$ cat my_file.cif   # mmCIF, C-alpha atoms and all ligand atoms
data_run
#
loop_
_atom_site.label_atom_id
_atom_site.label_comp_id
_atom_site.auth_asym_id
_atom_site.auth_seq_id
_atom_site.Cartn_x
_atom_site.Cartn_y
_atom_site.Cartn_z
CA MET A 79 78.23 126.98 107.88
CA ALA A 80 80.88 128.08 105.40
CA ALA A 81 83.39 125.53 104.13
CA THR A 82 86.93 126.70 104.79
CA PHE A 83 88.84 123.89 103.12
CA THR A 84 88.42 122.16 99.76
CA PRO A 85 90.43 118.94 99.77
CA ARG A 86 92.06 117.92 96.48
CA SER A 87 93.55 114.55 97.35
CA ILE A 88 92.58 112.63 100.46
CA LEU A 89 93.94 109.48 102.04
CA VAL A 90 91.18 107.37 103.57
CA THR A 91 92.41 104.58 105.84
CA GLY A 92 90.16 101.58 106.43
CA GLY A 93 88.01 102.52 103.44
CA ALA A 94 87.00 98.92 102.75
CA GLY A 95 85.29 98.62 106.15
CA PHE A 96 81.74 99.50 107.06
CA ILE A 97 81.96 103.26 107.72
CA GLY A 98 84.99 103.91 105.50
CA ALA A 99 83.26 102.39 102.46
CA ASN A 100 80.03 104.26 103.14
CA PHE A 101 82.09 107.44 103.49
CA ILE A 102 83.89 106.93 100.15
CA ASN A 103 80.61 106.04 98.40
CA HIS A 104 79.13 109.27 99.76
CA PHE A 105 82.17 111.52 99.31
CA MET A 106 83.29 110.72 95.76
CA PRO A 107 80.12 111.68 93.86
CA ALA A 108 79.77 114.80 96.01
CA ASN A 109 83.41 115.85 95.43
CA PRO A 110 84.20 114.75 91.86
CA ASP A 111 87.42 116.79 91.65
CA CYS A 112 89.00 115.25 94.75
CA ARG A 113 91.26 112.21 94.45
CA VAL A 114 90.64 109.45 97.00
CA THR A 115 93.32 106.94 97.94
CA ASN A 116 91.99 104.11 100.05
CA LEU A 117 94.60 102.35 102.19
CA ASP A 118 93.27 99.17 103.73
CA ILE A 119 94.97 95.97 104.81
CA LEU A 120 91.74 93.97 104.28
CA THR A 121 91.26 92.22 107.60
CA TYR A 122 88.14 90.06 108.01
CA ALA A 123 86.22 93.40 108.16
CA GLY A 124 87.55 94.88 104.92
CA ASN A 125 85.61 94.02 101.78
CA LEU A 126 86.24 95.60 98.39
CA GLU A 127 82.79 94.59 97.20
CA ASN A 128 81.56 97.51 99.32
CA LEU A 129 83.25 99.83 96.81
CA LYS A 130 82.06 98.44 93.49
CA GLY A 131 80.38 101.76 92.68
CA VAL A 132 83.65 103.75 92.73
CA GLU A 133 86.36 101.28 91.75
CA ARG A 134 86.44 102.40 88.10
CA ASN A 135 86.41 106.10 88.93
CA PRO A 136 89.76 107.53 87.69
CA CYS A 137 89.99 109.64 90.87
CA TYR A 138 89.96 106.49 93.03
CA ARG A 139 92.97 104.36 93.95
CA PHE A 140 93.09 101.35 96.23
CA VAL A 141 96.27 100.35 98.04
CA ARG A 142 96.37 97.19 100.08
CA GLY A 143 98.63 97.95 102.99
CA ASP A 144 99.14 98.46 106.69
CA ILE A 145 98.81 101.76 108.54
CA CYS A 146 101.82 100.62 110.62
CA ASP A 147 103.99 100.59 107.45
CA ALA A 148 105.74 103.98 107.63
CA PRO A 149 107.59 103.85 104.27
CA LEU A 150 104.38 102.92 102.44
CA ILE A 151 102.49 105.79 104.03
CA ALA A 152 105.29 108.27 103.23
CA GLU A 153 105.22 107.06 99.63
CA ILE A 154 101.44 107.51 99.29
CA LEU A 155 101.43 110.95 100.94
CA ALA A 156 104.12 112.18 98.55
CA ALA A 157 102.96 110.46 95.35
CA GLU A 158 99.34 111.54 95.74
CA LYS A 159 100.12 114.99 97.20
CA ILE A 160 97.69 114.16 99.99
CA ASP A 161 96.19 117.23 101.69
CA ALA A 162 93.90 115.42 104.15
CA VAL A 163 93.92 112.09 105.98
CA VAL A 164 90.58 110.67 107.11
CA HIS A 165 91.56 107.91 109.50
CA PHE A 166 89.00 105.12 109.92
CA ALA A 167 91.28 102.05 109.95
CA ALA A 168 90.92 100.18 113.21
CA GLU A 169 90.01 96.99 114.92
CA SER A 170 86.45 97.94 115.81
CA HIS A 171 84.64 95.14 117.64
CA VAL A 172 84.48 95.25 121.45
CA ASP A 173 83.97 91.50 121.91
CA ARG A 174 87.06 90.72 119.83
CA SER A 175 89.07 93.18 121.95
CA ILE A 176 88.08 91.23 125.07
CA SER A 177 89.29 87.91 123.66
CA GLY A 178 92.41 89.36 121.97
CA PRO A 179 93.47 92.88 122.93
CA GLU A 180 96.96 92.92 121.37
CA ILE A 181 95.98 93.61 117.78
CA PHE A 182 93.81 96.49 119.02
CA VAL A 183 96.84 98.20 120.54
CA ARG A 184 98.95 97.54 117.45
CA THR A 185 96.43 98.80 114.91
CA ASN A 186 94.57 101.47 116.84
CA VAL A 187 97.41 102.97 118.90
CA LEU A 188 100.63 102.21 117.03
CA GLY A 189 98.95 102.50 113.61
CA THR A 190 97.60 105.94 114.49
CA GLN A 191 101.00 107.08 115.76
CA VAL A 192 102.72 105.95 112.54
CA LEU A 193 100.11 107.76 110.43
CA LEU A 194 100.44 110.89 112.55
CA GLU A 195 104.22 110.87 112.32
CA GLU A 196 104.38 110.37 108.54
CA SER A 197 101.62 112.94 108.04
CA ARG A 198 103.46 115.45 110.23
CA ARG A 199 106.64 115.05 108.18
CA HIS A 200 104.68 115.41 104.95
CA TRP A 201 102.88 118.52 106.27
CA GLN A 202 106.13 120.07 107.48
CA GLY A 203 107.70 119.32 104.07
CA GLY A 204 105.32 121.91 102.67
CA VAL A 205 104.35 119.88 99.58
CA VAL A 206 100.71 120.97 99.96
CA PRO A 207 99.55 124.45 100.97
CA GLU A 208 97.04 123.23 103.54
CA PHE A 209 96.72 119.95 105.39
CA ARG A 210 94.47 118.30 107.95
CA PHE A 211 94.27 115.00 109.79
CA LEU A 212 90.85 113.78 110.84
CA GLN A 213 90.79 111.10 113.52
CA VAL A 214 87.53 109.13 113.46
CA SER A 215 86.76 108.07 117.01
CA THR A 216 83.99 106.83 119.20
CA ASP A 217 81.79 107.85 122.12
CA GLU A 218 83.09 104.74 123.91
CA VAL A 219 86.22 106.70 124.93
CA TYR A 220 84.03 108.51 127.48
CA GLY A 221 83.09 105.29 129.30
CA SER A 222 79.60 104.61 130.58
CA LEU A 223 76.68 106.82 131.68
CA GLY A 224 74.05 106.18 134.33
CA ALA A 225 70.36 106.66 133.62
CA THR A 226 70.72 110.37 132.89
CA GLY A 227 73.19 112.80 131.30
CA TYR A 228 75.08 113.04 128.02
CA PHE A 229 78.67 112.89 126.78
CA THR A 230 79.96 116.31 125.73
CA GLU A 231 83.35 117.07 124.19
CA GLU A 232 84.54 118.02 127.71
CA THR A 233 83.57 114.70 129.33
CA PRO A 234 86.76 113.10 130.74
CA LEU A 235 88.01 109.99 128.98
CA ALA A 236 87.21 106.82 130.93
CA PRO A 237 87.37 103.87 128.52
CA ASN A 238 86.32 100.46 129.86
CA SER A 239 87.18 97.91 127.15
CA PRO A 240 90.50 97.19 125.44
CA TYR A 241 88.87 98.52 122.23
CA SER A 242 87.82 101.83 123.75
CA ALA A 243 91.13 102.17 125.63
CA SER A 244 92.99 101.77 122.34
CA LYS A 245 90.78 104.40 120.69
CA ALA A 246 91.30 106.75 123.64
CA GLY A 247 95.06 106.17 123.34
CA ALA A 248 94.88 107.14 119.66
CA ASP A 249 92.84 110.25 120.46
CA LEU A 250 95.43 111.28 123.05
CA LEU A 251 98.21 110.90 120.49
CA VAL A 252 96.23 113.13 118.13
CA ARG A 253 95.95 115.70 120.92
CA ALA A 254 99.68 115.40 121.65
CA TYR A 255 100.62 115.98 117.99
CA ARG A 256 98.45 119.08 117.99
CA GLU A 257 99.91 120.47 121.22
CA THR A 258 103.53 119.49 120.55
CA TYR A 259 103.94 120.19 116.85
CA GLY A 260 100.95 122.42 116.10
CA PHE A 261 99.85 119.65 113.72
CA PRO A 262 96.41 120.44 112.17
CA THR A 263 94.06 117.83 113.60
CA LEU A 264 90.33 117.23 113.87
CA ASN A 265 88.79 114.56 116.09
CA THR A 266 85.25 113.21 115.75
CA ARG A 267 83.58 110.92 118.31
CA CYS A 268 80.48 109.15 117.10
CA SER A 269 77.81 106.93 118.60
CA ASN A 270 76.72 103.49 117.27
CA ASN A 271 76.32 103.37 113.50
CA TYR A 272 73.97 101.17 111.53
CA GLY A 273 73.23 100.78 107.82
CA PRO A 274 74.42 98.86 104.75
CA TYR A 275 77.71 96.90 104.63
CA GLN A 276 78.03 96.43 108.40
CA PHE A 277 79.76 93.18 109.28
CA PRO A 278 77.27 90.76 110.87
CA GLU A 279 79.14 90.60 114.18
CA LYS A 280 77.59 93.92 115.33
CA LEU A 281 74.18 93.92 117.03
CA ILE A 282 71.81 95.02 114.24
CA PRO A 283 73.20 93.05 111.26
CA LEU A 284 73.81 90.01 113.49
CA MET A 285 70.16 90.02 114.58
CA ILE A 286 68.92 90.47 110.99
CA HIS A 287 71.18 87.67 109.79
CA ASN A 288 70.16 85.26 112.55
CA ILE A 289 66.46 86.00 112.15
CA ILE A 290 66.62 85.25 108.42
CA ALA A 291 68.49 82.01 109.22
CA GLY A 292 66.13 81.11 112.10
CA LYS A 293 69.05 81.05 114.56
CA PRO A 294 69.02 82.16 118.26
CA LEU A 295 69.35 85.90 118.93
CA PRO A 296 71.93 86.34 121.72
CA VAL A 297 71.04 89.30 123.97
CA TYR A 298 73.77 90.08 126.52
CA GLY A 299 72.83 90.35 130.22
CA ASP A 300 69.40 91.85 130.89
CA GLY A 301 69.19 93.55 127.47
CA LEU A 302 68.69 96.96 129.12
CA ASN A 303 71.98 98.54 128.01
CA VAL A 304 71.36 101.68 125.98
CA ARG A 305 73.03 102.83 122.75
CA ASP A 306 72.45 105.97 120.63
CA TRP A 307 72.01 104.85 116.99
CA LEU A 308 73.00 106.92 113.96
CA HIS A 309 72.63 106.02 110.28
CA VAL A 310 76.05 105.59 108.66
CA LYS A 311 75.11 107.99 105.85
CA ASP A 312 74.50 110.73 108.42
CA HIS A 313 77.88 109.91 109.98
CA SER A 314 79.55 110.12 106.55
CA ARG A 315 78.01 113.54 105.96
CA ALA A 316 79.14 114.69 109.40
CA ILE A 317 82.74 113.66 108.67
CA GLU A 318 82.71 115.50 105.36
CA THR A 319 81.36 118.58 107.18
CA VAL A 320 84.02 118.46 109.90
CA LEU A 321 86.77 117.88 107.33
CA LYS A 322 85.78 120.95 105.33
CA ALA A 323 84.59 123.33 108.02
CA GLY A 324 85.73 122.05 111.42
CA ARG A 325 87.94 124.26 113.55
CA LEU A 326 91.48 122.86 113.63
CA GLY A 327 92.33 121.25 116.95
CA ASP A 328 88.67 120.74 117.87
CA ILE A 329 86.75 117.63 118.90
CA TYR A 330 83.22 117.09 117.56
CA ASN A 331 80.73 114.64 119.06
CA ILE A 332 78.36 113.07 116.52
CA GLY A 333 75.17 111.32 117.59
CA GLY A 334 71.67 110.42 116.53
CA ASN A 335 69.57 111.72 119.48
CA ASN A 336 68.22 108.21 119.25
CA GLU A 337 68.60 106.12 122.41
CA TRP A 338 67.40 102.54 122.42
CA LYS A 339 67.62 99.70 124.92
CA ASN A 340 69.14 96.67 123.19
CA ILE A 341 66.11 94.49 123.86
CA ASP A 342 63.78 97.08 122.31
CA ILE A 343 65.91 97.19 119.14
CA VAL A 344 65.95 93.39 118.94
CA ASN A 345 62.16 93.24 119.41
CA LEU A 346 61.67 95.92 116.73
CA VAL A 347 63.89 94.09 114.22
CA CYS A 348 62.05 90.83 115.00
CA ASP A 349 58.64 92.42 114.43
CA LEU A 350 59.62 94.19 111.20
CA LEU A 351 61.07 90.96 109.85
CA ASP A 352 57.93 88.97 110.82
CA GLY A 353 56.11 91.14 108.29
CA LYS A 354 58.83 91.22 105.63
CA LEU A 355 59.46 87.45 105.77
CA GLY A 356 55.74 86.59 105.92
CA ARG A 357 56.12 84.95 109.33
CA GLN A 358 53.46 84.99 112.06
CA GLN A 359 53.44 87.99 114.37
CA GLY A 360 55.69 87.20 117.36
CA GLU A 361 57.43 84.28 115.66
CA ASN A 362 60.86 85.89 115.47
CA ARG A 363 60.81 87.05 119.10
CA ARG A 364 60.85 83.39 120.10
CA LEU A 365 64.46 83.27 118.87
CA ILE A 366 65.59 85.73 121.56
CA THR A 367 68.03 84.09 124.00
CA PHE A 368 69.46 85.97 126.97
CA VAL A 369 73.13 85.04 127.33
CA LYS A 370 75.98 85.79 129.74
CA ASP A 371 76.80 89.50 129.84
CA ARG A 372 79.79 91.05 128.05
CA PRO A 373 82.55 91.66 130.67
CA GLY A 374 82.81 95.38 131.52
CA HIS A 375 79.65 96.01 129.48
CA ASP A 376 79.03 99.79 129.35
CA ARG A 377 75.49 100.49 130.53
CA ARG A 378 74.54 103.54 128.55
CA TYR A 379 75.96 105.82 125.85
CA ALA A 380 74.26 109.07 124.88
CA ILE A 381 75.81 111.87 122.86
CA ASP A 382 75.22 115.58 123.21
CA ALA A 383 75.66 116.61 119.56
CA GLY A 384 74.91 120.27 120.28
CA LYS A 385 78.34 121.58 119.27
CA ILE A 386 78.36 120.19 115.73
CA LYS A 387 74.79 121.44 115.24
CA LEU A 388 75.59 124.91 116.53
CA ASP A 389 79.02 125.39 114.93
CA LEU A 390 78.69 123.41 111.69
CA ASP A 391 74.91 123.16 111.19
CA TRP A 392 75.00 119.35 111.00
CA GLU A 393 72.18 117.18 112.33
CA PRO A 394 70.92 113.70 111.46
CA SER A 395 68.60 113.52 108.48
CA TYR A 396 67.36 109.93 108.87
CA THR A 397 64.55 109.08 111.24
CA PHE A 398 65.25 105.76 112.92
CA GLU A 399 61.98 104.39 111.53
CA GLN A 400 63.14 105.08 107.96
CA GLY A 401 66.78 104.06 108.56
CA ILE A 402 66.07 100.71 110.21
CA ALA A 403 63.45 99.74 107.59
CA GLU A 404 65.87 100.60 104.76
CA THR A 405 68.69 98.72 106.48
CA ILE A 406 66.60 95.58 106.88
CA ASP A 407 65.56 95.84 103.22
CA TRP A 408 69.23 96.20 102.21
CA TYR A 409 70.19 93.02 104.09
CA LEU A 410 67.23 91.16 102.58
CA ALA A 411 68.22 92.30 99.08
CA ASN A 412 71.90 91.51 99.64
CA ARG A 413 71.82 88.04 101.15
CA GLU A 414 74.68 87.05 98.90
CA TRP A 415 76.88 89.79 100.44
CA VAL A 416 76.06 88.44 103.90
CA ALA A 417 76.66 84.84 102.80
CA ASP A 418 80.01 85.87 101.30
CA VAL A 419 81.25 87.71 104.38
CA THR A 420 80.14 84.99 106.75
CA SER A 421 81.74 82.24 104.64
CA GLY A 422 84.87 84.26 103.79
CA ALA A 423 84.17 83.98 100.03
CA TYR A 424 84.43 87.76 99.67
CA ARG A 425 88.22 87.45 99.82
CA GLU A 426 88.15 86.03 96.28
CA TYR A 427 86.88 89.38 95.02
CA TYR A 428 90.16 91.05 95.92
CA GLU A 429 92.19 88.35 94.19
CA LYS A 430 90.04 88.67 91.04
CA GLN A 431 90.29 92.47 90.92
CA TYR A 432 93.84 93.01 92.09
CA GLY A 433 95.66 89.68 91.94
CA ASP A 434 98.83 89.79 94.00
CA ARG A 435 99.43 93.48 93.35
CA ARG A 436 99.29 95.90 96.24
P1 LIG A 501 85.32 98.02 110.43
O1 LIG A 501 85.87 97.01 111.38
O2 LIG A 501 84.10 97.70 109.65
O3 LIG A 501 86.45 98.44 109.36
C1 LIG A 501 87.78 98.68 109.73
C2 LIG A 501 88.62 98.68 108.45
O4 LIG A 501 89.97 98.96 108.82
C3 LIG A 501 88.62 97.35 107.69
O5 LIG A 501 88.41 97.57 106.31
C4 LIG A 501 90.01 96.80 107.95
O6 LIG A 501 90.50 95.97 106.89
C5 LIG A 501 90.83 98.08 108.09
N1 LIG A 501 92.08 97.88 108.85
C6 LIG A 501 92.22 97.23 110.03
N2 LIG A 501 93.52 97.22 110.39
C7 LIG A 501 94.20 97.89 109.43
C8 LIG A 501 95.58 98.21 109.24
N3 LIG A 501 96.51 97.82 110.12
N4 LIG A 501 95.93 98.90 108.15
C9 LIG A 501 95.00 99.28 107.22
N5 LIG A 501 93.68 98.99 107.35
C10 LIG A 501 93.30 98.29 108.44
O7 LIG A 501 85.12 99.34 111.31
P2 LIG A 501 83.97 100.45 111.21
O8 LIG A 501 82.81 100.01 112.02
O9 LIG A 501 83.81 100.84 109.81
O10 LIG A 501 84.69 101.63 112.02
C11 LIG A 501 85.54 102.56 111.34
C12 LIG A 501 86.10 103.56 112.35
O11 LIG A 501 85.02 104.25 112.97
C13 LIG A 501 86.90 102.91 113.48
O12 LIG A 501 87.99 103.76 113.75
C14 LIG A 501 85.92 102.88 114.65
O13 LIG A 501 86.62 102.96 115.88
C15 LIG A 501 85.11 104.13 114.40
N6 LIG A 501 83.72 104.12 114.90
C16 LIG A 501 82.89 103.08 114.60
C17 LIG A 501 81.56 103.13 115.03
C18 LIG A 501 80.58 102.02 114.70
O14 LIG A 501 79.46 102.05 115.19
N7 LIG A 501 80.94 101.05 113.89
C19 LIG A 501 81.10 104.23 115.78
C20 LIG A 501 82.00 105.26 116.08
C21 LIG A 501 83.31 105.20 115.61
O1 LIG A 502 79.44 103.51 120.36
C1 LIG A 502 80.25 103.39 119.23
C2 LIG A 502 80.75 101.97 119.12
O2 LIG A 502 79.63 101.17 118.73
C3 LIG A 502 81.89 101.82 118.12
O3 LIG A 502 83.00 102.54 118.59
C4 LIG A 502 82.27 100.34 117.95
O4 LIG A 502 83.25 100.21 116.94
C5 LIG A 502 81.03 99.58 117.54
O5 LIG A 502 81.33 98.19 117.46
C6 LIG A 502 79.90 99.79 118.56
O6 LIG A 502 80.23 99.18 119.82
P1 LIG A 502 79.11 98.41 120.70
O7 LIG A 502 79.79 97.47 121.58
O8 LIG A 502 78.15 99.37 121.28
O9 LIG A 502 78.35 97.65 119.47
P2 LIG A 502 77.81 96.15 119.33
O10 LIG A 502 77.03 96.12 118.05
O11 LIG A 502 78.88 95.14 119.50
O12 LIG A 502 76.81 96.02 120.54
C7 LIG A 502 75.72 96.91 120.71
C8 LIG A 502 75.03 96.54 122.00
O13 LIG A 502 74.39 95.27 121.81
C9 LIG A 502 75.96 96.38 123.18
O14 LIG A 502 75.30 96.83 124.36
C10 LIG A 502 76.20 94.87 123.26
C11 LIG A 502 74.88 94.30 122.76
N1 LIG A 502 74.98 93.01 122.03
C12 LIG A 502 75.86 92.93 120.99
C13 LIG A 502 75.98 91.77 120.27
C14 LIG A 502 76.98 91.64 119.14
C15 LIG A 502 74.14 91.96 122.36
O15 LIG A 502 73.33 92.04 123.28
N2 LIG A 502 74.26 90.79 121.64
C16 LIG A 502 75.16 90.65 120.61
O16 LIG A 502 75.22 89.55 120.01
#
$ encode --input "my_file.cif" --output "structure tokens"
Amino acid sequence: MAATFTPRSILVTGGAGFIGANFINHFMPANPDCRVTNLDILTYAGNLENLKGVERNPCYRFVRGDICDAPLIAEILAAEKIDAVVHFAAESHVDRSISGPEIFVRTNVLGTQVLLEESRRHWQGGVVPEFRFLQVSTDEVYGSLGATGYFTEETPLAPNSPYSASKAGADLLVRAYRETYGFPTLNTRCSNNYGPYQFPEKLIPLMIHNIIAGKPLPVYGDGLNVRDWLHVKDHSRAIETVLKAGRLGDIYNIGGNNEWKNIDIVNLVCDLLDGKLGRQQGENRRLITFVKDRPGHDRRYAIDAGKIKLDLDWEPSYTFEQGIAETIDWYLANREWVADVTSGAYREYYEKQYGDRR
């Protein structure tokens, strides 16, 4: 795979969140000559402590702001001579979208449209010789699979939750900007990520957190729903690959070839933590509690990641065995991070570092 594009100044949206922060932590050391501007409004999911390793790098700039704020985005694009946008910012949790869908439409649909529009104007202004807009999306836009089959890039969109509908809406706007204006877009669709800095509302960190605390482990429905798990560092590498070498206008599915039933993951995490916490074998499994199912709960996701392997020579490097053990170790070694995000104390970090400044 030959890189066709060397970005010099990228705008990362949502870079204080789980995947955005992992991406910046991966991208900056690997691309020391590229400036990175991180635009993040810092919702409950945005945490600047995730970026301690890069915050003093002179090529890094943090801006606290909203992707719906058109003048702010225009200002950043011009001031930083941005030549690529990597768009992570979103409301990302399915359960929250069921209890409150509005903010999902505002951030994920309207926010993406504002970013697209300001980026299009900037691109058409000709300030930078080359430009690209990478929309980070999800396999959930394809809906749910039965017991067999895989999502390909041609699978029709059939989102089932307000979250996935809002992501599908954003993807369709990206498509429309490409078709209408010839705007240079890339669109990735990834399966479930796991790894360090994931907010403990998502399955794996929630289970780790509750096991450590000896709290019940809520498993939705019969626990037989299937997800395809990918380490966030592999996802970060895939995004870098698509940004540099992806074919403009294309969609790339990203997955781990790693399907697990929820209950099997929960049992595995319980058993690994029995050992690591010095508890009796089987002790943690007693915390498992089957609870009412998530409404509209998609039964199975499974990605066919053949295109990105064939065209761009990307494939996962982590085995799940290695990735899950490292992830559990990270959460055990970073209990303070978990305590801070669950108590809300992590917000003080922003005030200390940045005060009231944007
Ligand atoms: P996250 O919830 O951890 O982080 C989202 C970030 O976006 C936060 O830092 C938040 O402060 C920021 N943000 C929210 N609204 C904003 C706004 N209006 N303006 C600026 N910033 C705002 O999410 P994540 O899990 O890191 O997911 C990142 C992206 O990847 C999302 O687009 C998501 O749809 C996609 N994705 C996630 C997964 C996964 O498994 N987590 C898988 C595939 C795709
Ligand atoms: O597939 C990619 C998507 O993966 C991303 O687009 C989303 O942003 C991300 O949140 C994730 O969505 P899921 O709904 O698959 O992830 P979550 O961790 O919320 O749930 C994983 C599975 O575990 C799902 O089948 C629901 C189940 N679950 C989840 C939680 C939080 C439980 O059984 N109990 C729980 O407490």
$ residues_near_ligand --input "my_file.cif" --ligand "ligand LIG 502 (chain A)" --cutoff "9 Å" --atoms "only C-alpha atoms and all ligand atoms" --output "PyMOL selection string"
chain A and resi 168-173+215-219+241-242+245+267-272+278-285+295-307+339-341+344+368-369+371-372+375-380
$ residues_near_ligand --input "my_file.cif" --ligand "ligand LIG 501 (chain A)" --cutoff "6 Å" --atoms "all atoms listed in the file" --output "MDAnalysis selection string"
chainID A and resid 91:98 117:121 123:124 143:145 166:170 185 214:216 268:271
$ atom_distance --input "my_file.cif" --atom1 "atom CA of A:Gly334" --atom2 "atom CA of A:Gly374"
24.0 Å
$ closest_residue --input "my_file.cif" --among "A:Pro149, A:Leu264, A:Ala246, A:Ile176" --to "A:His200" --atoms "all atoms listed in the file"
A:Pro149
$ residues_around --input "my_file.cif" --residues "A:Cys137" --least-positions-apart "2" --cutoff "12 Å" --atoms "only C-alpha atoms" --output "PyMOL selection string"
chain A and resi 86-89+102+105-107+109-116+132-135+139-140+158
$ residues_near_point --input "my_file.cif" --point "(96.3, 117.4, 115.3)" --cutoff "6 Å" --atoms "only C-alpha atoms" --output "list in words"
Val252, Arg253, Tyr255, Arg256, Phe261, Pro262, Thr263 and Gly327 of chain A
$ residues_around --input "my_file.cif" --residues "A:Thr397" --least-positions-apart "5" --cutoff "9 Å" --atoms "all atoms listed in the file" --output "list in words"
His309, Gly334, Asn336 and Ile402 of chain A
$ closest_residue --input "my_file.cif" --among "A:Val205, A:Val192, A:Gly227, A:Ala254" --to "A:Ile151" --atoms "only C-alpha atoms"
A:Val192
$ residues_around --input "my_file.cif" --residues "A:Pro274" --least-positions-apart "5" --cutoff "8 Å" --atoms "only C-alpha atoms" --output "ChimeraX atom specification"
/A:96,100,310,405,408-409
$ residues_around --input "my_file.cif" --residues "A:Glu361" --least-positions-apart "2" --cutoff "12 Å" --atoms "all atoms listed in the file" --output "list in words"
Ile289, Ile290, Gly292, Asn345, Val347, Cys348, Asp349, Leu350, Leu351, Asp352, Gly353, Leu355, Gly356, Arg357, Gln358, Gln359, Arg363, Arg364, Leu365 and Ile366 of chain A
$ atom_distance --input "my_file.cif" --atom1 "atom CA of A:Tyr259" --atom2 "atom CA of A:Arg198"
8.2 Å
$ atom_distance --input "my_file.cif" --atom1 "atom CA of A:Thr367" --atom2 "atom CA of A:Asn335"
28.0 Å
$ closest_residue --input "my_file.cif" --among "A:Ser395, A:Gln213, A:Thr420, A:Thr319" --to "A:Val187" --atoms "all atoms listed in the file"
A:Gln213
$ closest_residue --input "my_file.cif" --among "A:Leu235, A:Ala243, A:Gly189, A:Gly273" --to "A:Lys311" --atoms "only C-alpha atoms"
A:Gly273
$ closest_residue --input "my_file.cif" --among "A:Val206, A:Asn128, A:Ser197, A:Val90" --to "A:Asp418" --atoms "only C-alpha atoms"
A:Asn128
$ closest_residue --input "my_file.cif" --among "A:Ala236, A:Leu308, A:Ala162, A:Leu188" --to "A:Gln400" --atoms "only C-alpha atoms"
A:Leu308
$ residues_around --input "my_file.cif" --residues "A:Ala316" --least-positions-apart "5" --cutoff "8 Å" --atoms "all atoms listed in the file" --output "list in words"
Ile332, Trp392 and Glu393 of chain A
$ build_atoms --input "my_file.cif" --residues "stretch 363-375 of chain A" --atoms "N, CA and C atoms" --output "PDB file, in the frame of the given file"
ATOM      1  N   ARG A 363      60.423  86.776 117.708  1.00  0.00           N
ATOM      2  CA  ARG A 363      60.810  87.050 119.100  1.00  0.00           C
ATOM      3  C   ARG A 363      61.131  85.771 119.864  1.00  0.00           C
ATOM      4  N   ARG A 364      60.572  84.655 119.411  1.00  0.00           N
ATOM      5  CA  ARG A 364      60.850  83.390 120.100  1.00  0.00           C
ATOM      6  C   ARG A 364      62.313  82.976 119.980  1.00  0.00           C
ATOM      7  N   LEU A 365      63.026  83.612 119.039  1.00  0.00           N
ATOM      8  CA  LEU A 365      64.460  83.270 118.870  1.00  0.00           C
ATOM      9  C   LEU A 365      65.346  83.973 119.899  1.00  0.00           C
ATOM     10  N   ILE A 366      64.766  84.959 120.613  1.00  0.00           N
ATOM     11  CA  ILE A 366      65.590  85.730 121.560  1.00  0.00           C
ATOM     12  C   ILE A 366      66.092  84.834 122.697  1.00  0.00           C
ATOM     13  N   THR A 367      67.419  84.894 122.939  1.00  0.00           N
ATOM     14  CA  THR A 367      68.030  84.090 124.000  1.00  0.00           C
ATOM     15  C   THR A 367      68.914  85.001 124.838  1.00  0.00           C
ATOM     16  N   PHE A 368      68.596  85.154 126.099  1.00  0.00           N
ATOM     17  CA  PHE A 368      69.460  85.970 126.970  1.00  0.00           C
ATOM     18  C   PHE A 368      70.702  85.147 127.302  1.00  0.00           C
ATOM     19  N   VAL A 369      71.874  85.750 127.095  1.00  0.00           N
ATOM     20  CA  VAL A 369      73.130  85.040 127.330  1.00  0.00           C
ATOM     21  C   VAL A 369      73.971  85.819 128.346  1.00  0.00           C
ATOM     22  N   LYS A 370      75.057  85.188 128.768  1.00  0.00           N
ATOM     23  CA  LYS A 370      75.980  85.790 129.740  1.00  0.00           C
ATOM     24  C   LYS A 370      76.382  87.195 129.276  1.00  0.00           C
ATOM     25  N   ASP A 371      76.496  88.118 130.202  1.00  0.00           N
ATOM     26  CA  ASP A 371      76.800  89.500 129.840  1.00  0.00           C
ATOM     27  C   ASP A 371      78.236  89.647 129.325  1.00  0.00           C
ATOM     28  N   ARG A 372      78.436  90.675 128.502  1.00  0.00           N
ATOM     29  CA  ARG A 372      79.790  91.050 128.050  1.00  0.00           C
ATOM     30  C   ARG A 372      80.560  91.571 129.280  1.00  0.00           C
ATOM     31  N   PRO A 373      81.799  91.118 129.536  1.00  0.00           N
ATOM     32  CA  PRO A 373      82.550  91.660 130.670  1.00  0.00           C
ATOM     33  C   PRO A 373      82.767  93.169 130.499  1.00  0.00           C
ATOM     34  N   GLY A 374      82.597  93.919 131.581  1.00  0.00           N
ATOM     35  CA  GLY A 374      82.810  95.380 131.520  1.00  0.00           C
ATOM     36  C   GLY A 374      81.819  96.099 130.626  1.00  0.00           C
ATOM     37  N   HIS A 375      80.651  95.492 130.434  1.00  0.00           N
ATOM     38  CA  HIS A 375      79.650  96.010 129.480  1.00  0.00           C
ATOM     39  C   HIS A 375      79.168  97.412 129.878  1.00  0.00           C
TER      40      HIS A 375
END
